[in-house]
Amino acid sequence: MSYPKLLILNQMAGPMTWELAEDAGRSLGCVAVLTGHPDTLAKGSSEQVRLYPAAVYQRGSFTRRAISWLCYAVQAFFWLWRWPADTPVLLFSNPPILCWVGWLLKKLRRQQYAVMVHDIYPDVLVKMAGFSESHLLIRLWRRLNRCAYQNARVVMTLGELMAANLERQFDATKTCAGKVEIVYPWVDTGKIKPIPKEENWFAQKYDQVGKLTVMYSGNMGLGHDIETMLGAAQHLRDQSNVHFMFIGAGPKWTLVEDTIQRDGLTNVTLLPWQSEDVLPYSLAAADVALISLEPGLEGLAVPSKAIYAMGAGAVLLVLSDGKNDLVNWVETFSCGVLSRAESHHLAHVISGFTQDRAKYDTRAVAGESFSRRANGHRLLTKLSGLNAE
């Protein structure tokens with residue numbers, strides 16, 4: 001069996017990572033992916049993409065996540081060692097300690113690697129978990145990050161503010177790229193596309209035909225303002241033409257469930273994660289996509305769910321009291337509106353969509369600026385020099 005031309009490591013290798021692997025397999029040759037994502041592993045290996053199972057990411061407490069990160073990182077080290085040292089490596093930031101493995105292997109055997117940062121750690125821990133900047137863990141984490149980033153051939157991230165944040169944390173001129181490169185997240189607009197509700201079995205099943213469907217689809221984690229969304233649903237409970245759908249999982253899933261039961265919210269539907277074959281239909285049922293980042297996470301993460309929502313033709317409704325890359329995109333590409341993180345204001349904005357939604361062509365924005373073809377190719381271009389010494 002021939003050696004792969006590129007090694008991709010991502011503990012939660014979702015659709016974008018899979019699509020990148022497919023495209024890289026076609027352009028470079030065989031690609032190997034190490035992941036713990038069950039849906040991706042279920043696809044099975046092909047001639048162009050070989051899948052290798054690893055530790056599954058554990059949601060929940062920081063301790064559970066940290067243990068799963070460590071398990072994956074150890075597996076990654078030995079898995080990388082099995083391949084020739086001149087095989088280029090792309091390391092995603094899930095787990096966020098994975099870049100340290102790349103740095104260690106470069107020291108041990110001159111391994112060349114690139115880093116794609118989706119969430120900036122340890123900043124997320126400082127903002128969300130209450131860690132102090134003076135904490136030994138945080139200081140050690142930042143030092144290891146600097147070593148790992150400065151020894152990478154290229155460090156990439158998802159938006160301009162995230163790139164600026166990263167460049168304050170290490171000397172990007174020491175990388176071969178000389179700066180933090182920006183590669184927007186993307187959506188395969190051939191798979192995710194608008195479907196009229198009258199022709200969409202998902203919209204029909206959940207009685208969304210003829211209604212304004214306001215949807216939150218994705219991880220209901222601590223960094224997402226589910227509380228304000230539920231407050232807006234309570235304010236709009238008497239508007240029969242507006243319905244809220246929450247789809248996903250995470251720590252705040254039970255919050256939605258408990259609120260529905262406690263307040264008798266018949267205008268809210270709560271569903272678990274939908275399988276990949278259902279996703280195009282569930283996303284296309286949305287007229288308005290709710291997207292949020294908790295205060296403090298500006299410039300540290302970008303919810304990729306926003307790009308998928310645009311591919312399905314939904315208007316973005318971004319909850320934000322600060323500046324972040326999502327706000328920049330809404331303002332730059334006119335793909336939605338902004339709302340303060342306050343339930344009365346959010347309800348007022350949603351009410352306006354019953355008349356104004358038609359003026360937003362988010363599908364066109366997705367095709368022009370966030371397509372798989374354009375941004376996937378851009379990322380592959382950034383990897384072209386990985387096997388150079």
# chains A, B, ... in the order shown; residues from 1 in each chain; ligands from 1
>>> residues_around(residues="A:Phe353", least_positions_apart="3", cutoff="12 Å", atoms="only C-alpha atoms", output="list in words")
Lys211, Leu212, Thr213, Val214, Asn241, Val242, Asp287, Val288, Ala289, Ala314, Val315, Leu316, Leu317, Gly336, Val337, Leu346, Ala347, His348, Val349, Ile350, Asp356, Arg357, Ala358, Lys359 and Tyr360 of chain A
>>> closest_atom_pairs(of="stretch 278-345 of chain A", to="stretch 165-189 of chain A", cutoff="12 Å", atoms="only C-alpha atoms", output="tab-separated table")
residue	atom	partner	partner_atom	distance
A:Pro280	CA	A:Thr189	CA	10.1
A:Ala284	CA	A:Thr189	CA	11.9
A:Leu297	CA	A:Asn165	CA	11.2
A:Glu298	CA	A:Asn165	CA	9.6
A:Gly299	CA	A:Asn165	CA	6.4
A:Leu300	CA	A:Asn165	CA	7.5
A:Ala301	CA	A:Asn165	CA	10.6
A:Val302	CA	A:Pro185	CA	8.8
A:Pro303	CA	A:Pro185	CA	9.2
A:Ser304	CA	A:Pro185	CA	6.4
A:Lys305	CA	A:Val187	CA	9.4
A:Ala306	CA	A:Pro185	CA	9.4
A:Ile307	CA	A:Val187	CA	6.2
A:Tyr308	CA	A:Val187	CA	5.6
A:Ala309	CA	A:Val187	CA	9.0
A:Met310	CA	A:Val187	CA	8.6
A:Gly311	CA	A:Thr189	CA	5.7
A:Ala312	CA	A:Thr189	CA	8.0
A:Gly313	CA	A:Thr189	CA	10.1
A:Asn324	CA	A:Asn165	CA	11.0
A:Asp325	CA	A:Tyr184	CA	10.2
A:Leu326	CA	A:Tyr184	CA	11.1
A:Trp329	CA	A:Tyr184	CA	10.4
>>> residues_around(residues="A:Pro4", least_positions_apart="6", cutoff="8 Å", atoms="only C-alpha atoms", output="PyMOL selection string")
chain A and resi 29-32+87
>>> closest_residue(among="A:Val33, A:Pro251, A:Leu293, A:His345", to="A:Lys323", atoms="only C-alpha atoms")
A:Leu293
>>> residues_around(residues="stretch 38-50 of chain A", least_positions_apart="5", cutoff="12 Å", atoms="only C-alpha atoms", output="PyMOL selection string")
chain A and resi 1-33+55-57+273-277
>>> write_last_selection(atoms="C-alpha atoms", output="tab-separated table (two decimals), in the first residue's frame")
chain	number	residue	atom	x	y	z
A	1	MET	CA	0.00	0.00	0.00
A	2	SER	CA	1.43	3.36	-1.02
A	3	TYR	CA	2.02	6.12	1.51
A	4	PRO	CA	-0.49	9.00	1.70
A	5	LYS	CA	0.46	12.37	0.22
A	6	LEU	CA	-1.08	14.34	3.09
A	7	LEU	CA	-1.98	13.55	6.72
A	8	ILE	CA	-4.99	15.36	8.19
A	9	LEU	CA	-5.66	15.27	11.92
A	10	ASN	CA	-8.92	16.51	13.43
A	11	GLN	CA	-10.60	14.81	16.37
A	12	MET	CA	-13.98	16.16	15.22
A	13	ALA	CA	-13.50	15.95	11.46
A	14	GLY	CA	-16.90	17.11	10.29
A	15	PRO	CA	-18.17	17.82	6.76
A	16	MET	CA	-15.62	20.55	5.95
A	17	THR	CA	-12.68	18.35	6.90
A	18	TRP	CA	-14.13	15.44	4.94
A	19	GLU	CA	-14.68	17.64	1.90
A	20	LEU	CA	-11.12	18.97	2.17
A	21	ALA	CA	-9.83	15.39	2.31
A	22	GLU	CA	-11.87	14.45	-0.76
A	23	ASP	CA	-10.58	17.44	-2.73
A	24	ALA	CA	-7.00	16.86	-1.58
A	25	GLY	CA	-7.28	13.20	-2.54
A	26	ARG	CA	-8.30	14.15	-6.05
A	27	SER	CA	-5.56	16.76	-6.50
A	28	LEU	CA	-2.65	15.26	-4.53
A	29	GLY	CA	-3.31	11.55	-4.35
A	30	CYS	CA	-4.24	9.45	-1.36
A	31	VAL	CA	-4.93	11.34	1.90
A	32	ALA	CA	-5.07	9.83	5.41
A	33	VAL	CA	-7.34	11.24	8.13
A	55	ALA	CA	-10.40	8.78	20.59
A	56	VAL	CA	-13.86	10.32	20.46
A	57	TYR	CA	-14.26	13.92	21.61
A	273	TRP	CA	-28.68	16.25	16.10
A	274	GLN	CA	-29.89	15.35	12.63
A	275	SER	CA	-27.99	12.83	10.53
A	276	GLU	CA	-25.97	14.04	7.57
A	277	ASP	CA	-28.58	12.85	5.07
>>> closest_residue(among="A:Val154, A:Met162, A:Cys99, A:Leu51", to="A:Leu383", atoms="only C-alpha atoms")
A:Val154
>>> select_by_dssp(residues="stretch 39-110 of chain A", states="helix (DSSP H, G or I)", output="PDB file with N, CA and C atoms, in the first residue's frame")
ATOM      1  N   ASP A  39     -19.628  10.031  12.641  1.00  0.00           N
ATOM      2  CA  ASP A  39     -20.301  10.173  11.343  1.00  0.00           C
ATOM      3  C   ASP A  39     -19.306  10.112  10.196  1.00  0.00           C
ATOM      4  N   THR A  40     -18.146  10.722  10.385  1.00  0.00           N
ATOM      5  CA  THR A  40     -17.122  10.691   9.336  1.00  0.00           C
ATOM      6  C   THR A  40     -16.549   9.288   9.190  1.00  0.00           C
ATOM      7  N   LEU A  41     -16.284   8.618  10.295  1.00  0.00           N
ATOM      8  CA  LEU A  41     -15.751   7.253  10.229  1.00  0.00           C
ATOM      9  C   LEU A  41     -16.744   6.304   9.557  1.00  0.00           C
ATOM     10  N   PHE A  62     -14.918  20.299  31.531  1.00  0.00           N
ATOM     11  CA  PHE A  62     -13.574  20.528  31.021  1.00  0.00           C
ATOM     12  C   PHE A  62     -12.690  19.306  31.254  1.00  0.00           C
ATOM     13  N   THR A  63     -12.887  18.635  32.373  1.00  0.00           N
ATOM     14  CA  THR A  63     -12.079  17.446  32.676  1.00  0.00           C
ATOM     15  C   THR A  63     -12.292  16.359  31.637  1.00  0.00           C
ATOM     16  N   ARG A  64     -13.534  16.092  31.279  1.00  0.00           N
ATOM     17  CA  ARG A  64     -13.821  15.064  30.274  1.00  0.00           C
ATOM     18  C   ARG A  64     -13.229  15.443  28.920  1.00  0.00           C
ATOM     19  N   ARG A  65     -13.371  16.708  28.566  1.00  0.00           N
ATOM     20  CA  ARG A  65     -12.802  17.152  27.293  1.00  0.00           C
ATOM     21  C   ARG A  65     -11.282  17.014  27.303  1.00  0.00           C
ATOM     22  N   ALA A  66     -10.659  17.433  28.408  1.00  0.00           N
ATOM     23  CA  ALA A  66      -9.200  17.390  28.494  1.00  0.00           C
ATOM     24  C   ALA A  66      -8.679  15.963  28.381  1.00  0.00           C
ATOM     25  N   ILE A  67      -9.371  15.022  29.003  1.00  0.00           N
ATOM     26  CA  ILE A  67      -8.939  13.616  28.919  1.00  0.00           C
ATOM     27  C   ILE A  67      -9.038  13.118  27.489  1.00  0.00           C
ATOM     28  N   SER A  68     -10.130  13.453  26.801  1.00  0.00           N
ATOM     29  CA  SER A  68     -10.275  13.014  25.404  1.00  0.00           C
ATOM     30  C   SER A  68      -9.244  13.694  24.516  1.00  0.00           C
ATOM     31  N   TRP A  69      -8.897  14.963  24.810  1.00  0.00           N
ATOM     32  CA  TRP A  69      -7.846  15.649  24.050  1.00  0.00           C
ATOM     33  C   TRP A  69      -6.499  14.940  24.219  1.00  0.00           C
ATOM     34  N   LEU A  70      -6.174  14.597  25.454  1.00  0.00           N
ATOM     35  CA  LEU A  70      -4.902  13.929  25.724  1.00  0.00           C
ATOM     36  C   LEU A  70      -4.833  12.566  25.047  1.00  0.00           C
ATOM     37  N   CYS A  71      -5.927  11.818  25.120  1.00  0.00           N
ATOM     38  CA  CYS A  71      -5.950  10.494  24.473  1.00  0.00           C
ATOM     39  C   CYS A  71      -5.719  10.617  22.980  1.00  0.00           C
ATOM     40  N   TYR A  72      -6.396  11.590  22.358  1.00  0.00           N
ATOM     41  CA  TYR A  72      -6.229  11.772  20.924  1.00  0.00           C
ATOM     42  C   TYR A  72      -4.811  12.218  20.600  1.00  0.00           C
ATOM     43  N   ALA A  73      -4.245  13.146  21.393  1.00  0.00           N
ATOM     44  CA  ALA A  73      -2.901  13.662  21.123  1.00  0.00           C
ATOM     45  C   ALA A  73      -1.854  12.560  21.193  1.00  0.00           C
ATOM     46  N   VAL A  74      -1.985  11.661  22.161  1.00  0.00           N
ATOM     47  CA  VAL A  74      -1.051  10.539  22.267  1.00  0.00           C
ATOM     48  C   VAL A  74      -1.181   9.631  21.050  1.00  0.00           C
ATOM     49  N   GLN A  75      -2.425   9.333  20.672  1.00  0.00           N
ATOM     50  CA  GLN A  75      -2.633   8.521  19.476  1.00  0.00           C
ATOM     51  C   GLN A  75      -2.049   9.209  18.252  1.00  0.00           C
ATOM     52  N   ALA A  76      -2.230  10.523  18.165  1.00  0.00           N
ATOM     53  CA  ALA A  76      -1.735  11.276  17.012  1.00  0.00           C
ATOM     54  C   ALA A  76      -0.220  11.178  16.900  1.00  0.00           C
ATOM     55  N   PHE A  77       0.472  11.272  18.031  1.00  0.00           N
ATOM     56  CA  PHE A  77       1.934  11.199  18.011  1.00  0.00           C
ATOM     57  C   PHE A  77       2.402   9.876  17.406  1.00  0.00           C
ATOM     58  N   PHE A  78       1.879   8.767  17.879  1.00  0.00           N
ATOM     59  CA  PHE A  78       2.327   7.461  17.390  1.00  0.00           C
ATOM     60  C   PHE A  78       1.820   7.181  15.981  1.00  0.00           C
ATOM     61  N   TRP A  79       0.635   7.732  15.658  1.00  0.00           N
ATOM     62  CA  TRP A  79       0.115   7.548  14.304  1.00  0.00           C
ATOM     63  C   TRP A  79       0.982   8.298  13.302  1.00  0.00           C
ATOM     64  N   LEU A  80       1.385   9.508  13.628  1.00  0.00           N
ATOM     65  CA  LEU A  80       2.250  10.274  12.728  1.00  0.00           C
ATOM     66  C   LEU A  80       3.611   9.610  12.572  1.00  0.00           C
ATOM     67  N   TRP A  81       4.088   8.998  13.625  1.00  0.00           N
ATOM     68  CA  TRP A  81       5.409   8.369  13.592  1.00  0.00           C
ATOM     69  C   TRP A  81       5.467   7.203  12.609  1.00  0.00           C
ATOM     70  N   LEU A  98      -3.198  19.874  19.861  1.00  0.00           N
ATOM     71  CA  LEU A  98      -2.627  19.038  18.807  1.00  0.00           C
ATOM     72  C   LEU A  98      -1.415  19.674  18.144  1.00  0.00           C
ATOM     73  N   CYS A  99      -1.408  21.003  18.070  1.00  0.00           N
ATOM     74  CA  CYS A  99      -0.260  21.677  17.437  1.00  0.00           C
ATOM     75  C   CYS A  99       1.039  21.377  18.183  1.00  0.00           C
ATOM     76  N   TRP A 100       0.953  21.082  19.486  1.00  0.00           N
ATOM     77  CA  TRP A 100       2.162  20.747  20.242  1.00  0.00           C
ATOM     78  C   TRP A 100       2.793  19.460  19.737  1.00  0.00           C
ATOM     79  N   VAL A 101       1.945  18.537  19.286  1.00  0.00           N
ATOM     80  CA  VAL A 101       2.452  17.277  18.728  1.00  0.00           C
ATOM     81  C   VAL A 101       3.256  17.552  17.462  1.00  0.00           C
ATOM     82  N   GLY A 102       2.759  18.466  16.625  1.00  0.00           N
ATOM     83  CA  GLY A 102       3.487  18.820  15.415  1.00  0.00           C
ATOM     84  C   GLY A 102       4.847  19.408  15.732  1.00  0.00           C
ATOM     85  N   TRP A 103       4.896  20.311  16.724  1.00  0.00           N
ATOM     86  CA  TRP A 103       6.167  20.927  17.117  1.00  0.00           C
ATOM     87  C   TRP A 103       7.149  19.883  17.648  1.00  0.00           C
ATOM     88  N   LEU A 104       6.648  18.948  18.461  1.00  0.00           N
ATOM     89  CA  LEU A 104       7.516  17.902  19.018  1.00  0.00           C
ATOM     90  C   LEU A 104       8.105  17.036  17.909  1.00  0.00           C
ATOM     91  N   LEU A 105       7.273  16.681  16.945  1.00  0.00           N
ATOM     92  CA  LEU A 105       7.764  15.833  15.860  1.00  0.00           C
ATOM     93  C   LEU A 105       8.718  16.590  14.934  1.00  0.00           C
ATOM     94  N   LYS A 106       8.536  17.891  14.824  1.00  0.00           N
ATOM     95  CA  LYS A 106       9.501  18.660  14.034  1.00  0.00           C
ATOM     96  C   LYS A 106      10.862  18.654  14.715  1.00  0.00           C
ATOM     97  N   LYS A 107      10.863  18.763  16.033  1.00  0.00           N
ATOM     98  CA  LYS A 107      12.115  18.716  16.777  1.00  0.00           C
ATOM     99  C   LYS A 107      12.771  17.340  16.676  1.00  0.00           C
ATOM    100  N   LEU A 108      11.959  16.292  16.687  1.00  0.00           N
ATOM    101  CA  LEU A 108      12.499  14.934  16.701  1.00  0.00           C
ATOM    102  C   LEU A 108      12.910  14.444  15.320  1.00  0.00           C
ATOM    103  N   ARG A 109      12.168  14.864  14.270  1.00  0.00           N
ATOM    104  CA  ARG A 109      12.483  14.307  12.944  1.00  0.00           C
ATOM    105  C   ARG A 109      12.175  15.260  11.783  1.00  0.00           C
TER     106      ARG A 109
END
